[in-house]
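> Input: one structure, supplied below.
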Amino acid sequence: MDGPLEIRFHNLDTSDAMEAAIRERVDKLERLYPRLTRCLVSVEAPHNQHRKGNQWEVHIDLWVPGGHLAVTHEPHRSREKYANPDVYTAMRDAFDVAERQLLDYKRQMNGDVKLHNDFFHGQVSAVHLDRDHGFILTNTGTQLYFHRNSVMEGNMEDLTPGQAVHYVETAGDTGPTAAKVWPVAEHHGS
């Protein structure tokens, strides 16, 4: 890696064991894609919930030549909200997604896979009308950016968080984005 690895902890004490686990997983990412130029890993304990345990957030930003990949593990978006409150589980899940994204990026750059227009099924996680964009929660648990101009049927104002949508993913300047977004028709099911 050309740049340094940055590790940040928010709302929790720095831990040598957590840092070692992060460095081990970043080393694995570097072996998967040696052209990795920079990596930022942020671990955050957003709430002190004594009865239900902490819900850890793990953010991984990877810079590659010509692109940027971002992974966020946010347990409050998970169906199993309190099933695994362990920080190491959250880190493992986030790094597993980062590995898949990095391998997909590597295959695309090597020309091993064709970019095609097959659509995927996800759900709207956020709509920011004032900023002309929103986010889709994918089946891998990642957030995918979409712009107002990507909405194919209806208007962006008609989209609501939790709504089922189809989308076409494409490689954008800063990583994967949804190039086309449209609501799932009722007759298709959700």
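Each chain of the structure tokens is named A, B, ... in the order shown, its residues numbered from 1; ligands are numbered from 1 in display order.
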Residues near stretch 58-69 of chain A, anyone? I mean within 8 Å using only C-alpha atoms, not counting same-chain ones fewer than 3 positions away, as a PDB file with C-alpha atoms, in the first residue's frame.


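Resulting contents of selection_34.pdb:
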ATOM      1  CA  ARG A  35      -2.427  -2.083  -5.932  1.00  0.00           C
ATOM      2  CA  LEU A  36      -4.390  -0.844  -2.910  1.00  0.00           C
ATOM      3  CA  THR A  37      -3.154   2.706  -2.304  1.00  0.00           C
ATOM      4  CA  ARG A  38      -4.748   3.726   1.001  1.00  0.00           C
ATOM      5  CA  CYS A  39      -7.041   2.344   3.689  1.00  0.00           C
ATOM      6  CA  LEU A  40      -9.039   3.979   6.477  1.00  0.00           C
ATOM      7  CA  VAL A  41     -10.836   1.822   9.056  1.00  0.00           C
ATOM      8  CA  SER A  42     -13.130   3.444  11.595  1.00  0.00           C
ATOM      9  CA  VAL A  43     -14.745   1.544  14.492  1.00  0.00           C
ATOM     10  CA  GLU A  44     -17.474   3.320  16.390  1.00  0.00           C
ATOM     11  CA  THR A  72     -20.233   0.448   6.186  1.00  0.00           C
ATOM     12  CA  HIS A  73     -21.444  -2.137   8.673  1.00  0.00           C
ATOM     13  CA  GLU A  74     -24.323  -0.534  10.552  1.00  0.00           C
ATOM     14  CA  ALA A  90     -18.999  -6.377  13.200  1.00  0.00           C
ATOM     15  CA  MET A  91     -15.393  -6.032  11.970  1.00  0.00           C
ATOM     16  CA  ALA A  94     -17.467  -5.408   7.267  1.00  0.00           C
ATOM     17  CA  PHE A  95     -14.166  -6.879   6.065  1.00  0.00           C
ATOM     18  CA  ALA A  98     -14.822  -5.235   1.623  1.00  0.00           C
ATOM     19  CA  GLN A 101     -16.080  -5.538  -3.322  1.00  0.00           C
ATOM     20  CA  LEU A 102     -12.318  -5.513  -3.836  1.00  0.00           C
ATOM     21  CA  ASP A 173     -15.977   7.778 -10.296  1.00  0.00           C
ATOM     22  CA  THR A 174     -15.905   7.137  -6.547  1.00  0.00           C
ATOM     23  CA  GLY A 175     -17.068   3.524  -6.497  1.00  0.00           C
ATOM     24  CA  PRO A 176     -20.222   1.562  -7.230  1.00  0.00           C
TER      25      PRO A 176
END

> Which residue, A:Glu99, A:Asp93, A:Asp158, A:Glu57, has the smallest gap to A:Glu30 when you use only C-alpha atoms?

A:Glu99

> Among stretch 62-182 of chain A, which residues does DSSP mark as strand (DSSP E) when it is run on the backbone? Keep the chain and numbering as in the structure and answer as a PyMOL selection string.

chain A and resi 62-64+67-73+120-128+133-137+143-147+164-172+175-182

> How would the residues just chosen look if you wrote them out with N, CA and C atoms as a compact mmCIF listing (two decimals), in the first residue's frame?


# COMPACT_ATOMS: atom_id res chain seq x y z
N LEU A 62 -11.42 2.15 1.04
CA LEU A 62 -10.28 1.63 0.30
C LEU A 62 -10.06 2.49 -0.94
N TRP A 63 -8.85 2.95 -1.13
CA TRP A 63 -8.51 3.70 -2.33
C TRP A 63 -7.69 2.81 -3.24
N VAL A 64 -8.13 2.73 -4.48
CA VAL A 64 -7.48 1.94 -5.50
C VAL A 64 -7.19 2.87 -6.68
N GLY A 67 -10.13 4.78 -8.32
CA GLY A 67 -11.40 4.56 -7.65
C GLY A 67 -11.32 4.55 -6.14
N HIS A 68 -12.48 4.44 -5.53
CA HIS A 68 -12.62 4.42 -4.08
C HIS A 68 -13.76 3.47 -3.75
N LEU A 69 -13.54 2.55 -2.83
CA LEU A 69 -14.56 1.61 -2.39
C LEU A 69 -14.86 1.91 -0.93
N ALA A 70 -16.13 1.91 -0.58
CA ALA A 70 -16.53 2.21 0.80
C ALA A 70 -17.48 1.13 1.31
N VAL A 71 -17.23 0.69 2.53
CA VAL A 71 -18.07 -0.32 3.18
C VAL A 71 -18.48 0.22 4.53
N THR A 72 -19.75 0.06 4.87
CA THR A 72 -20.23 0.45 6.19
C THR A 72 -21.03 -0.71 6.76
N HIS A 73 -20.66 -1.13 7.96
CA HIS A 73 -21.44 -2.14 8.67
C HIS A 73 -22.18 -1.40 9.77
N PHE A 120 -30.83 -5.66 -9.86
CA PHE A 120 -30.82 -6.28 -8.56
C PHE A 120 -32.01 -5.76 -7.76
N HIS A 121 -32.29 -6.43 -6.66
CA HIS A 121 -33.38 -6.06 -5.78
C HIS A 121 -32.79 -5.51 -4.49
N GLY A 122 -33.26 -4.36 -4.05
CA GLY A 122 -32.81 -3.77 -2.79
C GLY A 122 -33.94 -2.98 -2.18
N GLN A 123 -33.60 -2.14 -1.21
CA GLN A 123 -34.61 -1.28 -0.63
C GLN A 123 -34.02 0.10 -0.36
N VAL A 124 -34.85 1.10 -0.46
CA VAL A 124 -34.42 2.47 -0.21
C VAL A 124 -34.08 2.59 1.27
N SER A 125 -32.89 3.10 1.56
CA SER A 125 -32.53 3.29 2.97
C SER A 125 -32.59 4.76 3.36
N ALA A 126 -32.40 5.67 2.39
CA ALA A 126 -32.47 7.10 2.69
C ALA A 126 -32.75 7.87 1.40
N VAL A 127 -33.52 8.95 1.53
CA VAL A 127 -33.79 9.85 0.41
C VAL A 127 -33.51 11.26 0.90
N HIS A 128 -32.62 11.96 0.22
CA HIS A 128 -32.27 13.34 0.56
C HIS A 128 -32.72 14.23 -0.59
N HIS A 133 -30.19 13.21 -3.96
CA HIS A 133 -29.68 11.85 -3.98
C HIS A 133 -30.27 11.02 -2.84
N GLY A 134 -29.99 9.74 -2.91
CA GLY A 134 -30.43 8.82 -1.87
C GLY A 134 -29.53 7.61 -1.83
N PHE A 135 -29.90 6.62 -1.00
CA PHE A 135 -29.11 5.41 -0.85
C PHE A 135 -30.02 4.19 -0.86
N ILE A 136 -29.49 3.11 -1.41
CA ILE A 136 -30.19 1.83 -1.45
C ILE A 136 -29.43 0.86 -0.58
N LEU A 137 -30.14 0.08 0.22
CA LEU A 137 -29.53 -1.00 0.99
C LEU A 137 -29.53 -2.23 0.10
N GLN A 143 -24.46 0.19 1.41
CA GLN A 143 -25.23 1.32 0.94
C GLN A 143 -24.76 1.69 -0.47
N LEU A 144 -25.70 1.90 -1.37
CA LEU A 144 -25.37 2.23 -2.75
C LEU A 144 -26.00 3.58 -3.07
N TYR A 145 -25.19 4.53 -3.49
CA TYR A 145 -25.62 5.89 -3.82
C TYR A 145 -26.44 5.88 -5.11
N PHE A 146 -27.48 6.72 -5.18
CA PHE A 146 -28.15 7.00 -6.45
C PHE A 146 -28.52 8.47 -6.51
N HIS A 147 -28.51 9.02 -7.73
CA HIS A 147 -28.85 10.42 -7.97
C HIS A 147 -30.30 10.52 -8.42
N ALA A 164 -39.18 -1.28 -1.50
CA ALA A 164 -38.45 -2.20 -2.37
C ALA A 164 -38.24 -1.57 -3.74
N VAL A 165 -37.02 -1.71 -4.26
CA VAL A 165 -36.68 -1.17 -5.58
C VAL A 165 -35.80 -2.16 -6.32
N HIS A 166 -35.80 -2.01 -7.63
CA HIS A 166 -34.82 -2.67 -8.48
C HIS A 166 -33.78 -1.62 -8.82
N TYR A 167 -32.55 -2.07 -9.09
CA TYR A 167 -31.52 -1.11 -9.48
C TYR A 167 -30.51 -1.79 -10.38
N VAL A 168 -29.82 -0.96 -11.16
CA VAL A 168 -28.71 -1.42 -11.98
C VAL A 168 -27.47 -0.76 -11.42
N GLU A 169 -26.52 -1.59 -11.01
CA GLU A 169 -25.29 -1.08 -10.41
C GLU A 169 -24.25 -0.84 -11.50
N THR A 170 -23.50 0.22 -11.34
CA THR A 170 -22.43 0.53 -12.28
C THR A 170 -21.24 1.09 -11.52
N ALA A 171 -20.08 1.09 -12.15
CA ALA A 171 -18.88 1.65 -11.53
C ALA A 171 -18.87 3.15 -11.77
N GLY A 172 -18.94 3.92 -10.69
CA GLY A 172 -18.88 5.37 -10.78
C GLY A 172 -17.48 5.87 -10.52
N GLY A 175 -16.68 4.86 -6.91
CA GLY A 175 -17.07 3.52 -6.50
C GLY A 175 -18.40 3.15 -7.10
N PRO A 176 -18.95 2.02 -6.67
CA PRO A 176 -20.22 1.56 -7.23
C PRO A 176 -21.36 2.54 -6.94
N THR A 177 -22.24 2.72 -7.92
CA THR A 177 -23.43 3.54 -7.76
C THR A 177 -24.60 2.85 -8.45
N ALA A 178 -25.79 3.31 -8.18
CA ALA A 178 -26.97 2.80 -8.88
C ALA A 178 -27.25 3.73 -10.06
N ALA A 179 -27.08 3.21 -11.28
CA ALA A 179 -27.28 4.01 -12.47
C ALA A 179 -28.76 4.15 -12.81
N LYS A 180 -29.55 3.15 -12.45
CA LYS A 180 -30.99 3.16 -12.69
C LYS A 180 -31.68 2.62 -11.45
N VAL A 181 -32.77 3.25 -11.06
CA VAL A 181 -33.53 2.84 -9.88
C VAL A 181 -35.02 2.93 -10.24
N TRP A 182 -35.78 1.89 -9.91
CA TRP A 182 -37.22 1.95 -10.11
C TRP A 182 -37.91 1.09 -9.06

> Kindly indicate which residue among A:Gly3, A:Tyr33, A:Arg25, A:His10 lies nearest to A:Lys106, using only C-alpha atoms for the distances.

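That would be A:Tyr33, the residue with the smallest distance to A:Lys106.
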
> Using atom CA of A:Thr140 and atom CA of A:Glu6 as the two end points, give the distance in Å to one decimal.

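Atom CA of A:Glu6 lies at a distance of 24.6 Å from atom CA of A:Thr140.
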
> So how many Å separate atom CA of A:Phe9 and atom CA of A:Thr138, to one decimal?

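For atom CA of A:Phe9 relative to atom CA of A:Thr138, the distance reads 26.0 Å.
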